[in-house]
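Peer 1: Below is run22.pdb; it holds PDB, C-alpha atoms.
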ATOM      1  CA  MET Z   1     107.300  89.902  85.652
ATOM      2  CA  VAL Z   2     108.595  90.269  89.217
ATOM      3  CA  ALA Z   3     105.109  90.126  90.685
ATOM      4  CA  THR Z   4     104.295  87.019  88.674
ATOM      5  CA  SER Z   5     107.438  85.139  89.674
ATOM      6  CA  PHE Z   6     107.272  85.860  93.406
ATOM      7  CA  ALA Z   7     103.520  85.277  93.551
ATOM      8  CA  ALA Z   8     103.988  81.971  91.731
ATOM      9  CA  GLN Z   9     106.722  80.909  94.150
ATOM     10  CA  ALA Z  10     104.543  81.741  97.154
ATOM     11  CA  GLU Z  11     101.676  79.793  95.591
ATOM     12  CA  ALA Z  12     103.909  76.777  94.894
ATOM     13  CA  GLU Z  13     105.235  76.748  98.455
ATOM     14  CA  LEU Z  14     101.704  76.894  99.845
ATOM     15  CA  ARG Z  15     100.639  73.974  97.648
ATOM     16  CA  GLU Z  16     103.374  71.854  99.245
ATOM     17  CA  VAL Z  17     101.879  72.234 102.736
ATOM     18  CA  GLU Z  18      98.193  72.941 102.151
ATOM     19  CA  ASN Z  19      96.969  69.424 102.980
ATOM     20  CA  ASP Z  20      98.996  69.117 106.189
ATOM     21  CA  PRO Z  21      97.573  71.450 108.877
ATOM     22  CA  ARG Z  22     100.710  71.285 111.020
ATOM     23  CA  ALA Z  23     102.917  72.068 108.033
ATOM     24  CA  ARG Z  24     100.619  75.003 107.235
ATOM     25  CA  LEU Z  25     101.126  76.249 110.763
ATOM     26  CA  GLU Z  26     104.909  75.989 110.441
ATOM     27  CA  TYR Z  27     104.646  77.818 107.096
ATOM     28  CA  ALA Z  28     102.827  80.664 108.885
ATOM     29  CA  GLN Z  29     105.337  80.729 111.748
ATOM     30  CA  ALA Z  30     108.279  80.890 109.326
ATOM     31  CA  PHE Z  31     107.117  84.350 108.225
ATOM     32  CA  PHE Z  32     107.792  85.695 111.705
ATOM     33  CA  HIS Z  33     110.970  83.762 112.444
ATOM     34  CA  HIS Z  34     112.855  84.206 109.187
ATOM     35  CA  THR Z  35     115.649  86.367 110.613
ATOM     36  CA  ALA Z  36     115.957  87.976 114.021
ATOM     37  CA  GLU Z  37     117.055  91.262 112.435
ATOM     38  CA  GLU Z  38     113.548  91.816 111.060
ATOM     39  CA  HIS Z  39     112.170  92.242 114.594
ATOM     40  CA  VAL Z  40     108.789  90.698 113.753
ATOM     41  CA  GLU Z  41     108.937  87.503 115.834
ATOM     42  CA  ASN Z  42     106.883  89.043 118.638
ATOM     43  CA  TYR Z  43     103.992  89.645 116.244
ATOM     44  CA  ALA Z  44     103.379  85.946 115.593
ATOM     45  CA  GLY Z  45     101.162  85.447 118.642
ATOM     46  CA  SER Z  46      97.701  86.370 117.414
ATOM     47  CA  GLU Z  47      97.929  84.871 113.927
ATOM     48  CA  VAL Z  48      99.507  81.621 115.114
ATOM     49  CA  ALA Z  49      97.029  81.276 118.004
ATOM     50  CA  PHE Z  50      94.123  81.709 115.593
ATOM     51  CA  MET Z  51      95.585  79.138 113.205
ATOM     52  CA  GLU Z  52      96.071  76.707 116.088
ATOM     53  CA  TRP Z  53      92.339  77.077 116.740
ATOM     54  CA  GLU Z  54      91.615  76.302 113.073
ATOM     55  CA  VAL Z  55      93.864  73.243 113.287
ATOM     56  CA  ARG Z  56      92.098  72.021 116.458
ATOM     57  CA  ARG Z  57      88.737  72.341 114.747
ATOM     58  CA  GLY Z  58      89.947  70.356 111.749
ATOM     59  CA  CYS Z  59      88.745  72.925 109.229
ATOM     60  CA  LEU Z  60      92.219  73.117 107.648
ATOM     61  CA  ASN Z  61      92.372  69.364 107.095
ATOM     62  CA  ALA Z  62      92.716  67.990 103.596
ATOM     63  CA  LEU Z  63      89.399  67.906 101.747
ATOM     64  CA  ASP Z  64      89.794  64.175 101.147
ATOM     65  CA  ASP Z  65      90.672  63.347 104.753
ATOM     66  CA  PRO Z  66      88.721  60.111 105.341
ATOM     67  CA  ASP Z  67      88.028  60.821 109.008
ATOM     68  CA  HIS Z  68      87.593  64.591 109.188
ATOM     69  CA  PRO Z  69      87.509  66.518 105.889
ATOM     70  CA  GLY Z  70      88.372  70.190 106.093
ATOM     71  CA  SER Z  71      86.479  73.243 104.873
ATOM     72  CA  VAL Z  72      86.965  74.630 101.382
ATOM     73  CA  TRP Z  73      86.194  78.132 102.653
ATOM     74  CA  TRP Z  74      88.407  78.186 105.765
ATOM     75  CA  ARG Z  75      91.289  76.623 103.844
ATOM     76  CA  SER Z  76      90.917  79.163 101.034
ATOM     77  CA  VAL Z  77      90.808  82.273 103.227
ATOM     78  CA  ASN Z  78      93.706  81.017 105.334
ATOM     79  CA  GLY Z  79      95.679  80.146 102.198
ATOM     80  CA  SER Z  80      95.118  83.609 100.752
ATOM     81  CA  LEU Z  81      96.494  85.173 103.941
ATOM     82  CA  LEU Z  82      99.564  82.910 104.017
ATOM     83  CA  ARG Z  83     100.265  83.411 100.323
ATOM     84  CA  ASP Z  84     100.122  87.214 100.581
ATOM     85  CA  ALA Z  85     102.492  87.258 103.542
ATOM     86  CA  ARG Z  86     104.932  84.848 101.903
ATOM     87  CA  GLU Z  87     105.041  86.849  98.659
ATOM     88  CA  ALA Z  88     105.769  89.994 100.671
ATOM     89  CA  HIS Z  89     108.630  88.231 102.430
ATOM     90  CA  LEU Z  90     110.108  87.021  99.158
ATOM     91  CA  LEU Z  91     109.974  90.561  97.785
ATOM     92  CA  PHE Z  92     111.429  91.981 100.995
ATOM     93  CA  ASP Z  93     114.310  89.503 100.935
ATOM     94  CA  ALA Z  94     115.000  90.405  97.298
ATOM     95  CA  GLY Z  95     115.222  94.106  98.150
ATOM     96  CA  HIS Z  96     111.885  95.230  96.696
ATOM     97  CA  THR Z  97     110.217  97.951  98.771
ATOM     98  CA  SER Z  98     106.510  98.523  99.264
ATOM     99  CA  THR Z  99     106.694 101.439  96.812
ATOM    100  CA  SER Z 100     108.426  99.481  94.038
ATOM    101  CA  GLY Z 101     105.184  98.306  92.426
ATOM    102  CA  SER Z 102     106.406  94.705  92.473
ATOM    103  CA  ALA Z 103     103.572  93.150  94.501
ATOM    104  CA  SER Z 104     100.778  91.163  92.868
ATOM    105  CA  ASN Z 105      97.990  92.728  94.967
ATOM    106  CA  PRO Z 106      97.426  95.503  97.556
ATOM    107  CA  SER Z 107      97.463  93.088 100.513
ATOM    108  CA  VAL Z 108     101.034  92.090  99.673
ATOM    109  CA  VAL Z 109     102.024  95.765  99.701
ATOM    110  CA  LEU Z 110     100.680  96.129 103.240
ATOM    111  CA  TRP Z 111     102.628  93.053 104.353
ATOM    112  CA  GLN Z 112     105.738  94.664 102.856
ATOM    113  CA  GLU Z 113     104.996  97.817 104.863
ATOM    114  CA  PHE Z 114     104.709  95.687 108.000
ATOM    115  CA  LEU Z 115     108.115  94.114 107.358
ATOM    116  CA  GLU Z 116     109.609  97.558 106.763
ATOM    117  CA  ARG Z 117     107.983  99.149 109.808
ATOM    118  CA  PRO Z 118     106.735  96.490 112.247
ATOM    119  CA  SER Z 119     103.980  97.729 114.550
ATOM    120  CA  ALA Z 120     100.552  96.655 115.741
ATOM    121  CA  ARG Z 121      98.983  99.053 113.249
ATOM    122  CA  THR Z 122     100.917  97.864 110.203
ATOM    123  CA  PHE Z 123     100.315  94.250 111.241
ATOM    124  CA  TYR Z 124      96.538  94.606 111.489
ATOM    125  CA  ARG Z 125      96.335  96.589 108.265
ATOM    126  CA  ALA Z 126      98.131  93.790 106.394
ATOM    127  CA  HIS Z 127      96.441  90.910 108.183
ATOM    128  CA  ASN Z 128      92.915  92.284 107.967
ATOM    129  CA  ARG Z 129      93.346  93.358 104.350
ATOM    130  CA  SER Z 130      94.289  89.790 103.400
ATOM    131  CA  VAL Z 131      91.415  88.380 105.438
ATOM    132  CA  ALA Z 132      88.854  90.818 104.026
ATOM    133  CA  ALA Z 133      90.046  90.182 100.460
ATOM    134  CA  GLY Z 134      89.709  86.447 101.125
ATOM    135  CA  TYR Z 135      86.145  86.912 102.351
ATOM    136  CA  VAL Z 136      85.330  88.756  99.126
ATOM    137  CA  GLU Z 137      87.096  86.297  96.830
ATOM    138  CA  PHE Z 138      85.512  83.210  98.355
ATOM    139  CA  THR Z 139      81.966  84.478  98.847
ATOM    140  CA  ALA Z 140      80.467  81.694  96.723
ATOM    141  CA  THR Z 141      82.275  79.014  98.704
ATOM    142  CA  ALA Z 142      81.071  80.532 101.992
ATOM    143  CA  GLY Z 143      77.503  79.889 100.894
ATOM    144  CA  ASP Z 144      78.210  76.152 100.953
ATOM    145  CA  GLU Z 145      78.741  76.234 104.724
ATOM    146  CA  ARG Z 146      75.824  75.681 107.083
ATOM    147  CA  GLY Z 147      74.037  78.593 108.738
ATOM    148  CA  HIS Z 148      75.776  78.507 112.106
ATOM    149  CA  GLU Z 149      79.155  78.260 110.388
ATOM    150  CA  GLN Z 150      78.294  81.409 108.433
ATOM    151  CA  LYS Z 151      77.353  83.056 111.717
ATOM    152  CA  LEU Z 152      80.780  82.130 113.085
ATOM    153  CA  MET Z 153      82.451  83.623 109.987
ATOM    154  CA  ASN Z 154      80.738  86.930 110.764
ATOM    155  CA  LEU Z 155      81.732  86.811 114.440
ATOM    156  CA  VAL Z 156      85.364  86.138 113.550
ATOM    157  CA  LEU Z 157      85.386  88.981 111.041
ATOM    158  CA  TYR Z 158      83.832  91.705 113.137
ATOM    159  CA  ARG Z 159      85.938  90.796 116.164
ATOM    160  CA  VAL Z 160      89.220  91.150 114.276
ATOM    161  CA  LEU Z 161      88.017  94.340 112.563
ATOM    162  CA  PHE Z 162      87.064  95.781 115.952
ATOM    163  CA  THR Z 163      90.459  94.846 117.365
ATOM    164  CA  HIS Z 164      92.037  96.785 114.509
ATOM    165  CA  ALA Z 165      89.839  99.801 115.291
ATOM    166  CA  VAL Z 166      90.915  99.703 118.951
ATOM    167  CA  VAL Z 167      94.593  99.454 117.961
ATOM    168  CA  GLU Z 168      94.041 102.475 115.687
ATOM    169  CA  GLN Z 169      92.522 104.181 118.748
ATOM    170  CA  GLN Z 170      89.347 105.123 116.939
ATOM    171  CA  PRO Z 171      87.402 107.285 119.433
ATOM    172  CA  TRP Z 172      84.072 105.620 118.582
ATOM    173  CA  ALA Z 173      85.465 102.123 119.253
ATOM    174  CA  PHE Z 174      85.998 102.369 122.991
ATOM    175  CA  GLY Z 175      86.202 106.081 123.588
ATOM    176  CA  TRP Z 176      89.212 107.314 125.534
ATOM    177  CA  VAL Z 177      89.724 103.773 126.877
ATOM    178  CA  SER Z 178      90.958 102.642 123.436
ATOM    179  CA  ARG Z 179      94.303 104.282 124.125
ATOM    180  CA  PHE Z 180      94.851 101.969 127.094
ATOM    181  CA  LEU Z 181      93.276  98.863 125.559
ATOM    182  CA  ALA Z 182      95.339  99.014 122.366
ATOM    183  CA  ARG Z 183      98.353  97.253 123.863
ATOM    184  CA  TRP Z 184      96.161  94.535 125.426
ATOM    185  CA  VAL Z 185      94.529  93.533 122.151
ATOM    186  CA  GLY Z 186      97.566  93.958 119.905
ATOM    187  CA  PRO Z 187      99.202  91.020 118.099
ATOM    188  CA  THR Z 188     101.999  90.810 120.698
ATOM    189  CA  SER Z 189      99.582  90.497 123.627
ATOM    190  CA  PRO Z 190      99.005  87.105 125.309
ATOM    191  CA  MET Z 191      95.338  88.097 125.572
ATOM    192  CA  VAL Z 192      94.665  86.930 122.010
ATOM    193  CA  LYS Z 193      95.953  83.434 122.733
ATOM    194  CA  TYR Z 194      93.785  83.276 125.844
ATOM    195  CA  VAL Z 195      90.672  84.379 123.958
ATOM    196  CA  VAL Z 196      90.916  81.827 121.139
ATOM    197  CA  HIS Z 197      91.145  79.048 123.725
ATOM    198  CA  ARG Z 198      87.757  80.042 125.127
ATOM    199  CA  ARG Z 199      85.237  77.638 123.632
ATOM    200  CA  ASP Z 200      82.361  80.023 124.325
ATOM    201  CA  LEU Z 201      84.148  82.504 122.055
ATOM    202  CA  TYR Z 202      85.685  80.113 119.517
ATOM    203  CA  PRO Z 203      83.990  76.685 119.245
ATOM    204  CA  THR Z 204      86.301  73.764 118.594
ATOM    205  CA  SER Z 205      84.116  71.498 116.454
ATOM    206  CA  TYR Z 206      83.892  71.365 112.667
ATOM    207  CA  PRO Z 207      81.242  70.872 111.504
ATOM    208  CA  LEU Z 208      79.753  72.642 114.498
ATOM    209  CA  SER Z 209      78.258  70.404 117.170
ATOM    210  CA  LYS Z 210      74.799  71.005 118.621
ATOM    211  CA  GLN Z 211      76.432  72.324 121.800
ATOM    212  CA  ASP Z 212      78.583  74.785 119.864
ATOM    213  CA  CYS Z 213      75.578  75.923 117.825
ATOM    214  CA  ASP Z 214      73.774  76.630 121.098
ATOM    215  CA  ARG Z 215      76.710  78.744 122.218
ATOM    216  CA  LEU Z 216      76.595  80.730 118.990
ATOM    217  CA  ASP Z 217      72.854  81.231 119.525
ATOM    218  CA  ARG Z 218      73.783  82.755 122.898
ATOM    219  CA  ASN Z 219      71.791  80.232 124.895
ATOM    220  CA  ILE Z 220      73.218  81.543 128.137
ATOM    221  CA  ASN Z 221      73.765  78.763 130.678
ATOM    222  CA  HIS Z 222      76.746  80.097 132.630
ATOM    223  CA  LEU Z 223      78.477  83.375 133.439
ATOM    224  CA  GLY Z 224      81.062  82.989 130.666
ATOM    225  CA  ASN Z 225      78.368  82.878 128.002
ATOM    226  CA  LEU Z 226      76.746  85.961 129.500
ATOM    227  CA  LEU Z 227      80.007  87.933 129.429
ATOM    228  CA  VAL Z 228      80.703  86.914 125.824
ATOM    229  CA  SER Z 229      77.224  88.002 124.782
ATOM    230  CA  LEU Z 230      77.633  91.343 126.526
ATOM    231  CA  VAL Z 231      80.922  92.039 124.731
ATOM    232  CA  ASP Z 232      79.609  91.080 121.292
ATOM    233  CA  LEU Z 233      76.183  92.687 121.579
ATOM    234  CA  ILE Z 234      76.826  95.764 123.706
ATOM    235  CA  VAL Z 235      80.448  96.668 123.020
ATOM    236  CA  ILE Z 236      80.689  95.780 119.318
ATOM    237  CA  CYS Z 237      77.391  95.107 117.576
ATOM    238  CA  TYR Z 238      75.750  98.480 117.982
ATOM    239  CA  LYS Z 239      78.793 100.007 116.268
ATOM    240  CA  LEU Z 240      78.855  97.588 113.342
ATOM    241  CA  PRO Z 241      77.909 100.034 110.535
ATOM    242  CA  ARG Z 242      80.637 102.432 111.640
ATOM    243  CA  LEU Z 243      83.094  99.564 112.119
ATOM    244  CA  TYR Z 244      82.574  98.130 108.644
ATOM    245  CA  ASP Z 245      82.700 101.576 107.073
ATOM    246  CA  PHE Z 246      85.990 102.250 108.872
ATOM    247  CA  ALA Z 247      87.433  98.921 107.727
ATOM    248  CA  ALA Z 248      86.218  99.370 104.147
ATOM    249  CA  THR Z 249      87.969 102.737 103.964
ATOM    250  CA  GLU Z 250      91.088 101.825 105.943
ATOM    251  CA  LEU Z 251      91.685  98.583 104.030
ATOM    252  CA  ASP Z 252      90.340  99.787 100.677
ATOM    253  CA  VAL Z 253      87.886  96.889 100.477
ATOM    254  CA  PRO Z 254      84.542  98.581  99.712
ATOM    255  CA  GLU Z 255      82.745  95.208  99.632
ATOM    256  CA  LEU Z 256      83.014  95.129 103.425
ATOM    257  CA  ARG Z 257      80.101  97.545 103.598
ATOM    258  CA  SER Z 258      77.906  94.861 102.011
ATOM    259  CA  MET Z 259      78.861  92.405 104.754
ATOM    260  CA  CYS Z 260      76.943  94.439 107.320
ATOM    261  CA  ARG Z 261      73.558  96.021 106.675
ATOM    262  CA  HIS Z 262      71.615  97.949 109.314
ATOM    263  CA  PHE Z 263      73.554  96.481 112.264
ATOM    264  CA  MET Z 264      73.189  92.991 110.778
ATOM    265  CA  PRO Z 265      76.361  91.035 109.931
ATOM    266  CA  CYS Z 266      75.252  89.317 106.731
ATOM    267  CA  TYR Z 267      78.200  87.589 105.076
ATOM    268  CA  PRO Z 268      77.947  85.963 102.576
ATOM    269  CA  TRP Z 269      74.294  86.283 101.650
ATOM    270  CA  GLY Z 270      74.083  90.045 102.175
ATOM    271  CA  MET Z 271      76.591  90.602  99.386
ATOM    272  CA  ARG Z 272      74.262  88.989  96.855
ATOM    273  CA  LEU Z 273      71.137  90.916  97.773
ATOM    274  CA  HIS Z 274      69.877  94.115  96.199
ATOM    275  CA  PRO Z 275      69.692  97.002  98.717
ATOM    276  CA  ASN Z 276      65.902  96.977  98.327
ATOM    277  CA  GLU Z 277      65.833  93.338  99.408
ATOM    278  CA  MET Z 278      67.840  94.159 102.511
ATOM    279  CA  GLU Z 279      65.438  97.004 103.263
ATOM    280  CA  ALA Z 280      62.517  94.592 102.937
ATOM    281  CA  ILE Z 281      64.174  92.155 105.338
ATOM    282  CA  GLU Z 282      64.797  94.932 107.837
ATOM    283  CA  GLY Z 283      61.193  96.097 107.499
ATOM    284  CA  THR Z 284      59.747  92.677 108.257
ATOM    285  CA  ASP Z 285      57.665  92.646 111.440
ATOM    286  CA  ARG Z 286      59.486  90.627 114.084
ATOM    287  CA  PRO Z 287      57.492  89.865 117.243
ATOM    288  CA  SER Z 288      59.273  91.128 120.331
ATOM    289  CA  LEU Z 289      59.539  89.048 123.485
ATOM    290  CA  LEU Z 290      56.595  90.979 124.965
ATOM    291  CA  VAL Z 291      54.455  90.364 121.871
ATOM    292  CA  ARG Z 292      55.343  86.675 121.847
ATOM    293  CA  ALA Z 293      54.478  86.361 125.549
ATOM    294  CA  ALA Z 294      51.110  88.007 124.897
ATOM    295  CA  GLY Z 295      50.548  85.615 121.985
ATOM    296  CA  TRP Z 296      51.330  82.594 124.125
ATOM    297  CA  ALA Z 297      48.961  83.847 126.823
ATOM    298  CA  LEU Z 298      46.178  84.440 124.291
ATOM    299  CA  HIS Z 299      46.737  81.058 122.697
ATOM    300  CA  GLY Z 300      46.559  79.403 126.109
ATOM    301  CA  ALA Z 301      43.347  81.265 126.983
ATOM    302  CA  VAL Z 302      41.695  80.269 123.717
ATOM    303  CA  ARG Z 303      42.654  76.615 124.118
ATOM    304  CA  THR Z 304      41.175  76.494 127.596
TER
END
How would this structure read if it were set down as structure tokens?

Peer 2:
Amino acid sequence: MVATSFAAQAEAELREVENDPRARLEYAQAFFHHTAEEHVENYAGSEVAFMEWEVRRGCLNALDDPDHPGSVWWRSVNGSLLRDAREAHLLFDAGHTSTSGSASNPSVVLWQEFLERPSARTFYRAHNRSVAAGYVEFTATAGDERGHEQKLMNLVLYRVLFTHAVVEQQPWAFGWVSRFLARWVGPTSPMVKYVVHRRDLYPTSYPLSKQDCDRLDRNINHLGNLLVSLVDLIVICYKLPRLYDFAATELDVPELRSMCRHFMPCYPWGMRLHPNEMEAIEGTDRPSLLVRAAGWALHGAVRT
């Protein structure tokens, strides 16, 4: 009964602000600024900065906005995160602990643990659990977004999962350097706010413009694009199977393993495919750059 009442209250409060992006943002900020005694205000940085990016894009706008309708998927995943956190706060304020069995879902429990013991680790466990659960719950809606938008969903997911792995100082994430990087990528670091303001990392158009699609395709035309590609492809992507396995275990969301197959981030379509179909895709002959160059040369020779 407790879980139902607090979950319902959190849901009702979200409904009041869901069609006003700025009110949504204030709703998110209120979690961290409820009372100073909770000592969680410093952890607002990364989540609020990311939401500010969503607001700038317009993907949190009302669906019936006549000028710039929002995204069903982005609104849903964001709403799930905000609702989980708010329910945890209501329970916390009412004196229910994370071990009381009062929460409506496991993500809420992790948010309770964060409120009880604020740290970068407890924050990312709660935050990423809510995000991952949202990805799973709204898989069908994700399929309604265009291809480059789905690519962006995957980038956003594996970046925040990798950040969590660095904060947990996983030796495979960044080796011994993880111990020193953890404080720079934590939720209290100004680095996160800087990163989400980089358009080559986080495009600001919704739906994505042609220019932003080119950025996501890594059409490198300046040094910034090159550096972004190096981080994504060299630092993170070759560790994706291990990263998603870590996150699936750490967050108890086994479906995460289906969002990455054979070093390929494949949300949402990978979740609907049989493993044999993924194997067939991976086994498809893809011409390398050298093979394509040889083909172009041969084609040119034949034409002449």

Peer 1: Using the chain letters and numbers from this file, what does the PyMOL selection byres ((chain Z and resi 131-146) around 7) select? Give the answer as an mmCIF file with C-alpha atoms, in the frame of the given file.

Peer 2:
data_model
loop_
_atom_site.group_PDB
_atom_site.id
_atom_site.type_symbol
_atom_site.label_atom_id
_atom_site.label_comp_id
_atom_site.auth_asym_id
_atom_site.auth_seq_id
_atom_site.Cartn_x
_atom_site.Cartn_y
_atom_site.Cartn_z
ATOM 1 C CA VAL Z 72 86.965 74.630 101.382
ATOM 2 C CA TRP Z 73 86.194 78.132 102.653
ATOM 3 C CA VAL Z 77 90.808 82.273 103.227
ATOM 4 C CA SER Z 80 95.118 83.609 100.752
ATOM 5 C CA LEU Z 81 96.494 85.173 103.941
ATOM 6 C CA HIS Z 127 96.441 90.910 108.183
ATOM 7 C CA ASN Z 128 92.915 92.284 107.967
ATOM 8 C CA ARG Z 129 93.346 93.358 104.350
ATOM 9 C CA SER Z 130 94.289 89.790 103.400
ATOM 10 C CA GLY Z 147 74.037 78.593 108.738
ATOM 11 C CA HIS Z 148 75.776 78.507 112.106
ATOM 12 C CA GLU Z 149 79.155 78.260 110.388
ATOM 13 C CA GLN Z 150 78.294 81.409 108.433
ATOM 14 C CA GLU Z 255 82.745 95.208 99.632
ATOM 15 C CA PRO Z 268 77.947 85.963 102.576
#

Peer 1: Name the residues that the PyMOL selection byres ((chain Z and resi 271) around 9) picks from the file above, as a PyMOL selection string, using the file's chain letters and numbers.

Peer 2: chain Z and resi 136+139+255-260+266-270+272-274

Peer 1: Skipping near chain neighbours, those fewer than 5 positions away, what residues fall within 10 Å of stretch 95-103 of chain Z using only C-alpha atoms, listed as an MDAnalysis selection string?

Peer 2: chainID Z and resid 1:4 6:7 84 87:90 108:116

Peer 1: Just say which residues the PyMOL selection byres ((chain Z and resi 183-188) around 6) picks in this file, as an MDAnalysis selection string.

Peer 2: chainID Z and resid 42:43 45:46 120 181:182 189

Peer 1: Write the residues you've just listed into a file as a PDB file, in the frame of the given file, and include C-alpha atoms for each of them.

Peer 2:
ATOM      1  CA  ASN Z  42     106.883  89.043 118.638  1.00  0.00           C
ATOM      2  CA  TYR Z  43     103.992  89.645 116.244  1.00  0.00           C
ATOM      3  CA  GLY Z  45     101.162  85.447 118.642  1.00  0.00           C
ATOM      4  CA  SER Z  46      97.701  86.370 117.414  1.00  0.00           C
ATOM      5  CA  ALA Z 120     100.552  96.655 115.741  1.00  0.00           C
ATOM      6  CA  LEU Z 181      93.276  98.863 125.559  1.00  0.00           C
ATOM      7  CA  ALA Z 182      95.339  99.014 122.366  1.00  0.00           C
ATOM      8  CA  SER Z 189      99.582  90.497 123.627  1.00  0.00           C
TER       9      SER Z 189
END

Peer 1: What is the distance, in Å and to one decimal place, between atom CA of Z:Trp172 and atom CA of Z:Val235?

Peer 2: 10.6 Å

Peer 1: What does the distance between atom CA of Z:Pro265 and atom CA of Z:Leu240 come to in Å, to one decimal place?

Peer 2: 7.8 Å

Peer 1: Neighbouring residues of Z:Arg179 were defined as those with any atom within 8 Å, considering all atoms listed in the file; residues of the same chain fewer than 2 positions away were excluded. Please report them as a ChimeraX atom specification.

Peer 2: /Z:166-167,169,176-177,181-182

Peer 1: Can you take the partial stretch 183-195 of chain Z, add N, CA and C atoms, and return it as a JSON list (two decimals), in the coordinates of the input?

Peer 2:
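Below is the file selection32.json, written as the result:
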[["chain", "number", "residue", "atom", "x", "y", "z"],
["Z", 183, "ARG", "N", 97.23, 98.18, 123.65],
["Z", 183, "ARG", "CA", 98.35, 97.25, 123.86],
["Z", 183, "ARG", "C", 97.88, 95.89, 124.34],
["Z", 184, "TRP", "N", 96.67, 95.81, 124.91],
["Z", 184, "TRP", "CA", 96.16, 94.54, 125.43],
["Z", 184, "TRP", "C", 95.55, 93.68, 124.33],
["Z", 185, "VAL", "N", 95.15, 94.30, 123.24],
["Z", 185, "VAL", "CA", 94.53, 93.53, 122.15],
["Z", 185, "VAL", "C", 95.43, 93.45, 120.93],
["Z", 186, "GLY", "N", 96.64, 93.99, 121.03],
["Z", 186, "GLY", "CA", 97.57, 93.96, 119.90],
["Z", 186, "GLY", "C", 98.08, 92.56, 119.63],
["Z", 187, "PRO", "N", 98.73, 92.36, 118.49],
["Z", 187, "PRO", "CA", 99.20, 91.02, 118.10],
["Z", 187, "PRO", "C", 100.29, 90.46, 119.00],
["Z", 188, "THR", "N", 100.95, 91.30, 119.79],
["Z", 188, "THR", "CA", 102.00, 90.81, 120.70],
["Z", 188, "THR", "C", 101.46, 90.47, 122.08],
["Z", 189, "SER", "N", 100.17, 90.72, 122.31],
["Z", 189, "SER", "CA", 99.58, 90.50, 123.63],
["Z", 189, "SER", "C", 99.20, 89.03, 123.83],
["Z", 190, "PRO", "N", 99.44, 88.48, 125.02],
["Z", 190, "PRO", "CA", 99.00, 87.10, 125.31],
["Z", 190, "PRO", "C", 97.50, 86.98, 125.40],
["Z", 191, "MET", "N", 96.79, 88.11, 125.46],
["Z", 191, "MET", "CA", 95.34, 88.10, 125.57],
["Z", 191, "MET", "C", 94.70, 87.37, 124.40],
["Z", 192, "VAL", "N", 95.25, 87.54, 123.19],
["Z", 192, "VAL", "CA", 94.66, 86.93, 122.01],
["Z", 192, "VAL", "C", 94.70, 85.41, 122.13],
["Z", 193, "LYS", "N", 95.83, 84.88, 122.58],
["Z", 193, "LYS", "CA", 95.95, 83.43, 122.73],
["Z", 193, "LYS", "C", 94.96, 82.91, 123.76],
["Z", 194, "TYR", "N", 94.76, 83.67, 124.82],
["Z", 194, "TYR", "CA", 93.78, 83.28, 125.84],
["Z", 194, "TYR", "C", 92.37, 83.24, 125.26],
["Z", 195, "VAL", "N", 92.03, 84.26, 124.49],
["Z", 195, "VAL", "CA", 90.67, 84.38, 123.96],
["Z", 195, "VAL", "C", 90.34, 83.22, 123.02]]
